[in-house]
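The file run-v2.txt comes next; it holds compact mmCIF, C-alpha atoms.
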# COMPACT_ATOMS: atom_id res chain seq x y z
CA MET A 1 141.80 64.43 56.28
CA SER A 2 140.15 61.06 55.78
CA PHE A 3 137.52 62.29 53.28
CA ASN A 4 140.31 62.84 50.74
CA LEU A 5 141.94 59.41 51.15
CA LYS A 6 142.30 57.38 47.96
CA VAL A 7 142.94 54.08 49.74
CA GLY A 8 141.94 52.90 53.20
CA GLU A 9 143.13 49.70 54.87
CA ILE A 10 141.41 47.96 57.79
CA LYS A 11 143.37 48.96 60.88
CA LYS A 12 142.20 46.13 63.11
CA ALA A 13 140.98 42.89 61.55
CA TYR A 14 139.27 41.33 64.56
CA LEU A 15 136.94 43.32 66.79
CA THR A 16 134.78 42.16 69.67
CA GLU A 17 131.11 43.17 69.80
CA GLN A 18 131.93 45.48 72.70
CA GLU A 19 134.60 47.25 70.63
CA ILE A 20 132.23 47.62 67.67
CA TRP A 21 129.46 49.07 69.83
CA LYS A 22 131.96 51.56 71.26
CA ILE A 23 133.00 52.68 67.75
CA ILE A 24 129.37 53.01 66.61
CA ASN A 25 128.30 54.91 69.73
CA GLN A 26 131.25 57.29 69.34
CA PHE A 27 130.30 57.80 65.69
CA PHE A 28 126.81 58.93 66.63
CA ALA A 29 127.87 60.89 69.72
CA ASN A 30 131.03 62.61 68.50
CA GLY A 31 130.95 62.55 64.70
CA HIS A 32 131.23 65.86 62.84
CA PHE A 33 128.13 66.06 60.67
CA THR A 34 127.99 68.97 58.25
CA THR A 35 125.68 66.90 56.01
CA THR A 36 123.63 63.71 56.29
CA TYR A 37 125.80 61.86 53.76
CA LYS A 38 127.57 59.55 56.22
CA TYR A 39 124.18 58.42 57.53
CA GLY A 40 123.11 57.85 53.93
CA LEU A 41 126.21 55.81 53.17
CA MET A 42 125.59 53.66 56.26
CA LYS A 43 122.04 53.02 55.03
CA ALA A 44 123.35 52.14 51.57
CA LEU A 45 125.90 49.69 53.01
CA ILE A 46 123.29 47.95 55.16
CA GLU A 47 120.93 47.76 52.19
CA ASN A 48 123.67 45.92 50.28
CA LEU A 49 124.80 43.50 53.00
CA TYR A 50 123.57 40.53 50.98
CA ASN A 51 124.93 41.76 47.64
CA VAL A 52 128.58 41.19 48.63
CA ASP A 53 130.67 38.59 46.83
CA ASN A 54 132.39 35.73 48.65
CA ARG A 55 135.18 38.11 49.73
CA LEU A 56 132.66 40.56 51.30
CA VAL A 57 133.34 43.07 48.51
CA LEU A 58 130.90 45.63 47.09
CA THR A 59 131.53 47.82 44.06
CA PHE A 60 131.10 51.57 44.20
CA ASP A 61 128.33 51.16 41.60
CA GLN A 62 126.34 48.88 43.94
CA VAL A 63 126.69 51.23 46.90
CA CYS A 64 126.14 54.40 44.88
CA PHE A 65 122.95 53.05 43.32
CA SER A 66 121.44 52.81 46.81
CA PHE A 67 123.05 56.12 47.81
CA ALA A 68 121.61 57.93 44.77
CA LYS A 69 118.17 56.42 45.42
CA ILE A 70 118.19 57.53 49.06
CA TYR A 71 119.19 61.10 48.23
CA TRP A 72 116.96 61.53 45.20
CA ASN A 73 114.00 60.62 47.38
CA LEU A 74 115.12 62.82 50.29
CA VAL A 75 116.25 65.89 48.32
CA ILE A 76 113.94 65.88 45.30
CA HIS A 77 110.85 63.91 46.27
CA HIS A 78 110.60 65.17 49.87
CA ASP A 79 112.43 68.49 49.30
CA LEU A 80 114.56 68.09 52.43
CA ASN A 81 117.83 69.99 52.83
CA GLN A 82 120.79 67.75 53.70
CA LEU A 83 123.30 70.44 54.71
CA ASN A 84 124.09 71.92 58.09
CA THR A 85 122.60 75.42 57.87
CA HIS A 86 125.12 76.63 60.49
CA ASN A 87 128.18 75.31 58.63
CA ARG A 88 130.85 77.97 58.22
CA GLN A 89 133.47 75.88 56.44
CA ALA A 90 134.88 77.16 53.19
CA GLY A 91 136.86 75.90 50.23
CA ILE A 92 136.88 72.44 48.70
CA GLN A 93 135.36 70.67 51.70
CA LYS A 94 132.27 72.88 51.70
CA GLU A 95 132.00 72.56 47.93
CA LEU A 96 132.06 68.76 48.19
CA GLN A 97 129.47 68.81 50.94
CA ALA A 98 127.07 70.88 48.84
CA GLY A 99 127.92 68.98 45.66
CA ILE A 100 125.56 65.99 45.90
CA GLN A 101 122.50 68.04 46.76
CA LYS A 102 123.35 70.61 44.07
CA GLU A 103 123.96 67.89 41.49
CA LEU A 104 120.59 66.28 42.17
CA LYS A 105 118.71 69.55 41.73
CA GLU A 106 120.58 70.40 38.53
CA PHE A 107 119.86 66.91 37.19
CA GLN A 108 116.16 67.30 38.00
CA LEU A 109 116.04 70.67 36.23
CA MET A 110 117.96 69.41 33.19
CA HIS A 111 115.56 66.51 32.63
CA GLY A 112 112.37 68.26 33.78
CA VAL A 113 111.48 65.67 36.41
CA PRO A 114 108.58 66.62 38.74
CA ASN A 115 109.15 66.38 42.51
CA LYS A 116 106.48 63.70 42.83
CA VAL A 117 108.61 61.19 40.87
CA VAL A 118 110.49 58.83 43.20
CA PHE A 119 113.77 57.22 42.17
CA ASP A 120 112.36 53.86 41.09
CA ARG A 121 109.96 55.66 38.71
CA LEU A 122 112.85 57.25 36.81
CA PRO A 123 113.73 55.60 33.48
CA SER A 124 116.64 53.17 33.93
CA ASN A 125 118.97 55.26 31.75
CA LEU A 126 118.38 58.30 33.98
CA GLN A 127 118.94 56.20 37.10
CA LEU A 128 122.33 55.07 35.80
CA GLN A 129 123.31 58.61 34.77
CA LEU A 130 122.36 59.84 38.22
CA VAL A 131 124.43 57.12 39.90
CA GLU A 132 127.48 58.08 37.84
CA ARG A 133 127.11 61.79 38.51
CA THR A 134 126.47 61.28 42.21
CA LYS A 135 129.53 59.03 42.45
CA LYS A 136 131.82 61.52 40.72
CA VAL A 137 130.62 64.57 42.65
CA GLY A 138 130.62 63.39 46.22
CA ALA A 139 130.00 59.77 47.12
CA ARG A 140 133.68 58.92 46.69
CA TYR A 141 134.57 61.43 49.40
CA VAL A 142 131.91 60.17 51.79
CA VAL A 143 133.52 56.71 51.67
CA GLY A 144 136.73 58.14 53.14
CA ALA A 145 134.92 60.35 55.65
CA LEU A 146 132.90 57.45 57.10
CA TYR A 147 136.03 55.28 57.13
CA GLY A 148 137.78 57.93 59.26
CA ASP A 149 134.86 58.41 61.65
CA MET A 150 134.72 54.64 62.17
CA GLU A 151 138.45 54.55 63.04
CA GLY A 152 139.35 52.60 59.89
CA SER A 153 137.50 49.57 61.23
CA ILE A 154 134.34 49.18 59.16
CA TYR A 155 135.84 48.46 55.73
CA GLU A 156 138.79 48.84 53.43
CA PHE A 157 138.42 50.70 50.14
CA ASP A 158 140.24 51.76 46.99
CA LYS A 159 138.94 54.65 44.88
CA ARG A 160 140.99 53.64 41.85
CA THR A 161 139.43 50.20 41.53
CA GLU A 162 136.18 51.41 43.15
CA TYR A 163 135.54 48.74 45.73
CA ILE A 164 134.62 48.49 49.40
CA LYS A 165 135.43 45.37 51.42
CA PHE A 166 133.76 44.81 54.78
CA ASN A 167 135.74 43.91 57.86
CA SER A 168 134.43 40.38 58.54
CA SER A 169 133.81 41.22 62.23
CA ILE A 170 131.72 44.22 61.22
CA TYR A 171 129.85 42.23 58.57
CA ILE A 172 128.75 39.59 61.08
CA PHE A 173 127.88 42.30 63.62
CA LEU A 174 125.70 44.24 61.14
CA GLN A 175 123.77 41.09 60.27
CA LYS A 176 123.24 40.26 63.92
CA TYR A 177 122.23 43.79 65.00
CA ARG A 178 120.89 45.08 61.71
CA GLN A 179 117.56 46.23 63.11
CA ILE A 180 119.07 48.14 66.03
CA VAL A 181 121.75 49.84 63.92
CA THR A 182 119.17 50.77 61.25
CA HIS A 183 116.93 52.35 63.90
CA LEU A 184 119.90 54.33 65.24
CA ILE A 185 120.80 55.63 61.78
CA ASN A 186 117.20 56.57 61.00
CA TYR A 187 116.79 58.37 64.34
CA HIS A 188 119.94 60.46 63.95
CA LEU A 189 119.22 61.21 60.28
CA ALA A 190 115.70 62.37 61.13
CA LYS A 191 117.06 64.44 64.03
CA PHE A 192 119.52 66.20 61.68
CA LEU A 193 116.76 66.91 59.14
CA GLU A 194 114.48 68.34 61.82
CA LYS A 195 117.24 70.74 62.87
CA HIS A 196 118.09 72.03 59.38
CA ASN A 197 114.75 72.18 57.54
CA ASP A 198 111.67 74.37 57.68
CA LYS A 199 109.01 73.03 60.01
CA ASN A 200 106.42 72.85 57.21
CA LYS A 201 108.53 70.13 55.50
CA LEU A 202 108.91 67.90 58.53
CA GLU A 203 105.59 66.08 58.74
CA ASP A 204 106.27 62.37 59.42
CA VAL A 205 110.00 62.90 58.81
CA LEU A 206 111.03 59.71 60.64
CA LEU A 207 108.53 57.68 58.60
CA LYS A 208 109.94 59.22 55.41
CA VAL A 209 113.47 58.27 56.46
CA GLU A 210 112.45 54.71 57.37
CA ASN A 211 110.75 54.14 54.02
CA ILE A 212 113.13 56.11 51.81
CA SER A 213 114.31 53.02 49.92
CA LYS A 214 110.90 51.38 49.54
CA ARG A 215 109.64 50.92 46.00
CA GLU A 216 106.29 52.34 44.96
CA SER A 217 105.68 49.25 42.85
CA LEU A 218 106.96 45.70 42.49
CA HIS A 219 105.26 45.32 39.12
CA ALA A 220 108.50 44.66 37.21
CA PHE A 221 109.25 41.75 39.55
CA TYR A 222 105.65 40.53 39.23
CA ASN A 223 106.01 40.33 35.44
CA ILE A 224 109.11 38.13 35.72
CA LEU A 225 107.66 35.89 38.43
CA TRP A 226 104.36 35.52 36.59
CA LYS A 227 106.21 34.52 33.42
CA TYR A 228 108.50 31.92 34.96
CA GLU A 229 106.75 30.69 38.11
CA THR A 230 103.86 28.29 38.56
CA LYS A 231 100.64 30.27 38.93
CA GLU A 232 100.18 29.15 42.54
CA CYS A 233 100.53 30.91 45.89
CA PHE A 234 103.97 30.10 47.28
CA TYR A 235 102.50 29.51 50.75
CA CYS A 236 99.07 27.88 50.45
CA GLY A 237 99.24 26.51 46.91
CA LYS A 238 96.04 28.24 45.80
CA VAL A 239 95.76 28.88 42.05
CA LEU A 240 96.44 32.57 41.52
CA SER A 241 94.21 34.96 39.65
CA ASP A 242 95.55 36.60 36.51
CA LYS A 243 94.09 39.85 37.84
CA ARG A 244 97.06 41.85 39.17
CA ILE A 245 95.12 43.27 42.10
CA ALA A 246 94.42 39.77 43.47
CA THR A 247 97.97 38.40 43.13
CA HIS A 248 100.65 39.91 45.36
CA VAL A 249 104.46 39.95 45.35
CA ASP A 250 105.65 39.08 48.86
CA HIS A 251 109.07 39.52 50.46
CA PHE A 252 109.86 36.08 51.91
CA ILE A 253 112.18 37.78 54.43
CA PRO A 254 110.14 40.88 55.43
CA TRP A 255 111.07 44.11 53.63
CA SER A 256 111.21 45.99 56.94
CA TYR A 257 114.23 43.85 57.84
CA ILE A 258 116.07 43.43 54.55
CA GLN A 259 115.03 46.86 53.15
CA SER A 260 115.82 45.87 49.57
CA ASP A 261 114.06 44.13 46.72
CA ASN A 262 115.90 41.05 45.46
CA MET A 263 114.45 38.51 43.04
CA TRP A 264 115.71 35.66 45.22
CA ASN A 265 113.59 36.98 48.13
CA LEU A 266 110.34 37.62 46.24
CA VAL A 267 107.47 35.20 45.67
CA LEU A 268 103.95 35.31 44.28
CA SER A 269 101.24 34.91 46.90
CA CYS A 270 97.50 35.22 47.20
CA GLN A 271 96.12 38.33 48.87
CA SER A 272 95.10 36.41 52.00
CA CYS A 273 98.56 34.89 52.67
CA ASN A 274 100.39 38.15 51.95
CA THR A 275 98.15 40.05 54.38
CA LYS A 276 98.28 37.43 57.14
CA LYS A 277 102.02 36.83 56.87
CA SER A 278 102.77 40.57 57.00
CA ASN A 279 106.04 41.09 58.95
CA LYS A 280 106.43 37.47 60.04
CA LEU A 281 108.89 34.76 59.01
CA ALA A 282 107.39 31.70 57.39
CA LYS A 283 108.13 28.24 58.82
CA SER A 284 111.52 26.78 58.00
CA VAL A 285 109.90 24.34 55.56
CA TYR A 286 109.28 27.34 53.31
CA LEU A 287 112.96 28.25 53.51
CA GLU A 288 113.74 24.84 52.03
CA LYS A 289 111.10 25.52 49.39
CA MET A 290 112.80 28.85 48.60
CA PHE A 291 116.11 27.08 48.00
CA VAL A 292 114.48 24.85 45.38
CA ARG A 293 112.50 27.73 43.86
CA ASN A 294 115.63 29.87 43.50
CA ASP A 295 117.64 27.03 41.97
CA ASN A 296 114.97 26.72 39.29
CA LEU A 297 114.35 30.44 38.81
CA LYS A 298 117.99 31.41 38.32
CA LEU A 299 118.18 28.92 35.43
CA THR A 300 115.11 30.26 33.64
CA ALA A 301 114.90 33.96 34.56
CA VAL A 302 118.23 35.64 33.88
CA HIS A 303 118.46 38.41 36.49
CA ASN A 304 121.40 40.29 38.01
CA ASP A 305 120.06 39.69 41.53
CA PHE A 306 121.26 36.09 41.32
CA ASN A 307 124.88 37.10 40.68
CA TYR A 308 125.63 37.16 44.42
CA TYR A 309 122.92 34.82 45.65
CA SER A 310 123.66 31.66 47.61
CA GLU A 311 121.64 29.35 49.85
CA ARG A 312 124.06 30.15 52.66
CA LYS A 313 123.24 33.89 52.42
CA LEU A 314 119.50 33.31 52.41
CA GLU A 315 119.74 30.92 55.35
CA ALA A 316 121.85 33.41 57.31
CA LEU A 317 119.38 36.18 56.49
CA TYR A 318 116.51 34.02 57.76
CA GLU A 319 118.36 33.23 61.00
CA PHE A 320 119.43 36.83 61.65
CA ALA A 321 115.90 38.12 60.97
CA GLY A 322 114.70 35.79 63.73
CA MET A 323 117.42 37.11 66.04
CA ASN A 324 116.25 40.66 65.27
CA GLY A 325 112.79 39.99 66.64
CA TYR A 326 110.84 38.78 63.62
CA VAL A 327 108.28 36.16 64.63
CA GLU A 328 109.02 32.76 63.10
CA ASN A 329 106.87 29.75 62.22
CA TRP A 330 104.09 31.47 60.29
CA SER A 331 102.05 29.26 57.97
CA PRO A 332 98.66 29.63 56.28

So, in terms of structure tokens, how does the structure I just supplied come out?
Amino acid sequence: MSFNLKVGEIKKAYLTEQEIWKIINQFFANGHFTTTYKYGLMKALIENLYNVDNRLVLTFDQVCFSFAKIYWNLVIHHDLNQLNTHNRQAGIQKELQAGIQKELKEFQLMHGVPNKVVFDRLPSNLQLQLVERTKKVGARYVVGALYGDMEGSIYEFDKRTEYIKFNSSIYIFLQKYRQIVTHLINYHLAKFLEKHNDKNKLEDVLLKVENISKRESLHAFYNILWKYETKECFYCGKVLSDKRIATHVDHFIPWSYIQSDNMWNLVLSCQSCNTKKSNKLAKSVYLEKMFVRNDNLKLTAVHNDFNYYSERKLEALYEFAGMNGYVENWSP
């Protein structure tokens, strides 16, 4: 079975959009879902689209960080069961399916973490431990399972060297239709949770799924930007207040599209500009300004987010956000 594969090669290098839509629709319509983990892996991959290297490669650590964050927030913070309550499978497959959820709960108990604590509030050393334990227990097997359900088309992988490499056709497709595919994943994930959880836990379940990766605070990014940036609003040029409540950290490409927090996409803004810009794309002149800002910031503020940054990626992200319905040409 594909979940136990150690290596997976891309079976068809070039796929048309019609072929990709067929594979995705079959995945949602006919996939065998005894857990939510394949949905979670899809979310983790989309969250990391712009963290690939120039060969379209992600490490297991990159993917599993997002995967662990998603499932800590679902299982621990929201107390939502991820297993099919009607599953009658036995043996190693059932053990693997239960493993991630079980591991998270044991980890919480071991470290005495209250349910109210979301993933980004965990100390960094606990986050890294959790990523390692999640990866060893089950995430490795989900990589093979999703690969099989997607007919070996979405990526290649190797569990020994712990990498995933996107099929270039799929990578372009996911950028172009990111919003639609994300909505599909969130809908089917929420539908599964509604079916296999007590009704008293299901208030706003779709909203919880949509915001599962959102940080409670961008304060750590604020500290870096405040230290290295000019104390002016990126958009209107107004001198910023040193009072934290009056100075905001804004996602240049809206968070609702990119669904990740990257230093190269964050700027300091005044409260007025951040509120008015909201989910819009700023005028292209600000994209040029971001190129210059990032060139300067990556020289002064050493941050891992710049390891896979390039102007080409940011420009593509800006263009694909526009194609996904985000209103362009905002300015103060």

Checklist entry - Do you know which residues are at most 10 Å from A:Ser310 counting only C-alpha atoms, after dropping those on the same chain fewer than 5 positions away, and could you put them as a list in words? => result Tyr50, Asp53, Asn54, Trp264, Phe291, Asn294, Asp295 and Glu315 of chain A

Checklist entry - Quick one: distance from atom CA of A:Val137 to atom CA of A:Arg178 in Å, one decimal? => result 28.9 Å

Item to check | Residue contacts of stretch 225-242 of chain A (7 Å, all atoms listed in the file) excluding same-chain residues fewer than 6 positions away, as a PyMOL selection string | outcome: chain A and resi 267-270+273+300-301+332

Neighbour residues at most 10 Å from (115.8, 62.4, 49.4) (only C-alpha atoms) as a compact mmCIF listing (two decimals) with C-alpha atoms, keeping the file's coordinate frame:
# COMPACT_ATOMS: atom_id res chain seq x y z
CA GLY A 40 123.11 57.85 53.93
CA PHE A 67 123.05 56.12 47.81
CA ALA A 68 121.61 57.93 44.77
CA LYS A 69 118.17 56.42 45.42
CA ILE A 70 118.19 57.53 49.06
CA TYR A 71 119.19 61.10 48.23
CA TRP A 72 116.96 61.53 45.20
CA ASN A 73 114.00 60.62 47.38
CA LEU A 74 115.12 62.82 50.29
CA VAL A 75 116.25 65.89 48.32
CA ILE A 76 113.94 65.88 45.30
CA HIS A 77 110.85 63.91 46.27
CA HIS A 78 110.60 65.17 49.87
CA ASP A 79 112.43 68.49 49.30
CA LEU A 80 114.56 68.09 52.43
CA ASN A 81 117.83 69.99 52.83
CA GLN A 82 120.79 67.75 53.70
CA GLN A 101 122.50 68.04 46.76
CA LEU A 104 120.59 66.28 42.17
CA VAL A 118 110.49 58.83 43.20
CA PHE A 119 113.77 57.22 42.17
CA LYS A 208 109.94 59.22 55.41
CA VAL A 209 113.47 58.27 56.46
CA ILE A 212 113.13 56.11 51.81
CA SER A 213 114.31 53.02 49.92

Item to check | Best match for closeness to A:Leu83 among A:Ser272, A:Asn25, A:Thr161, A:Asn197, counting only C-alpha atoms | outcome: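 Comparing A:Ser272, A:Asn25, A:Thr161, A:Asn197 against A:Leu83, the winner is A:Asn197.
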
Write out as lines of an AutoDock Vina configuration file an axis-aligned box for stretch 116-122 of chain A: all of its atoms listed in the file, 8 Å added on each side, centre and edge lengths in Å with one decimal.
center_x = 110.1
center_y = 58.8
center_z = 40.0
size_x = 23.3
size_y = 25.8
size_z = 22.4

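For the atom pair formed by atom CA of A:Ala321 and atom CA of A:Lys280, the distance is 9.5 Å, given to one decimal.
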
Next on the checklist: Just checking: using all atoms listed in the file, which residue out of A:Glu103, A:Glu132, A:Asp149, A:Glu17 ends up closest to A:Asn30?
Outcome noted: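 For A:Asn30, the nearest of the candidates is A:Asp149.
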
Item to check | Residue among A:Val302, A:Ala246, A:Met290, A:Leu189 lying closest to A:Thr275, counting only C-alpha atoms | outcome: A:Ala246

Item to check | Among listed residues A:Glu194, A:Asp120, A:Glu106, A:Glu203, nearest A:Ser66 (using all atoms listed in the file) | outcome: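 For A:Ser66, the nearest of the given residues is A:Asp120.
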
Checklist entry - Which of these residues is nearest to A:Arg244, using all atoms listed in the file: A:Gln271, A:Phe157, A:Leu128, A:Phe166? => result A:Gln271

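Atom pair atom CA of A:Lys191 / atom CA of A:Leu206 has a distance of 8.4 Å (rounded to one decimal).
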
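Using only C-alpha atoms, the shortest contact distance between A:Asn307 and any of A:Asn262, A:Thr134, A:Thr36, A:Ser168 is found at A:Asn262.
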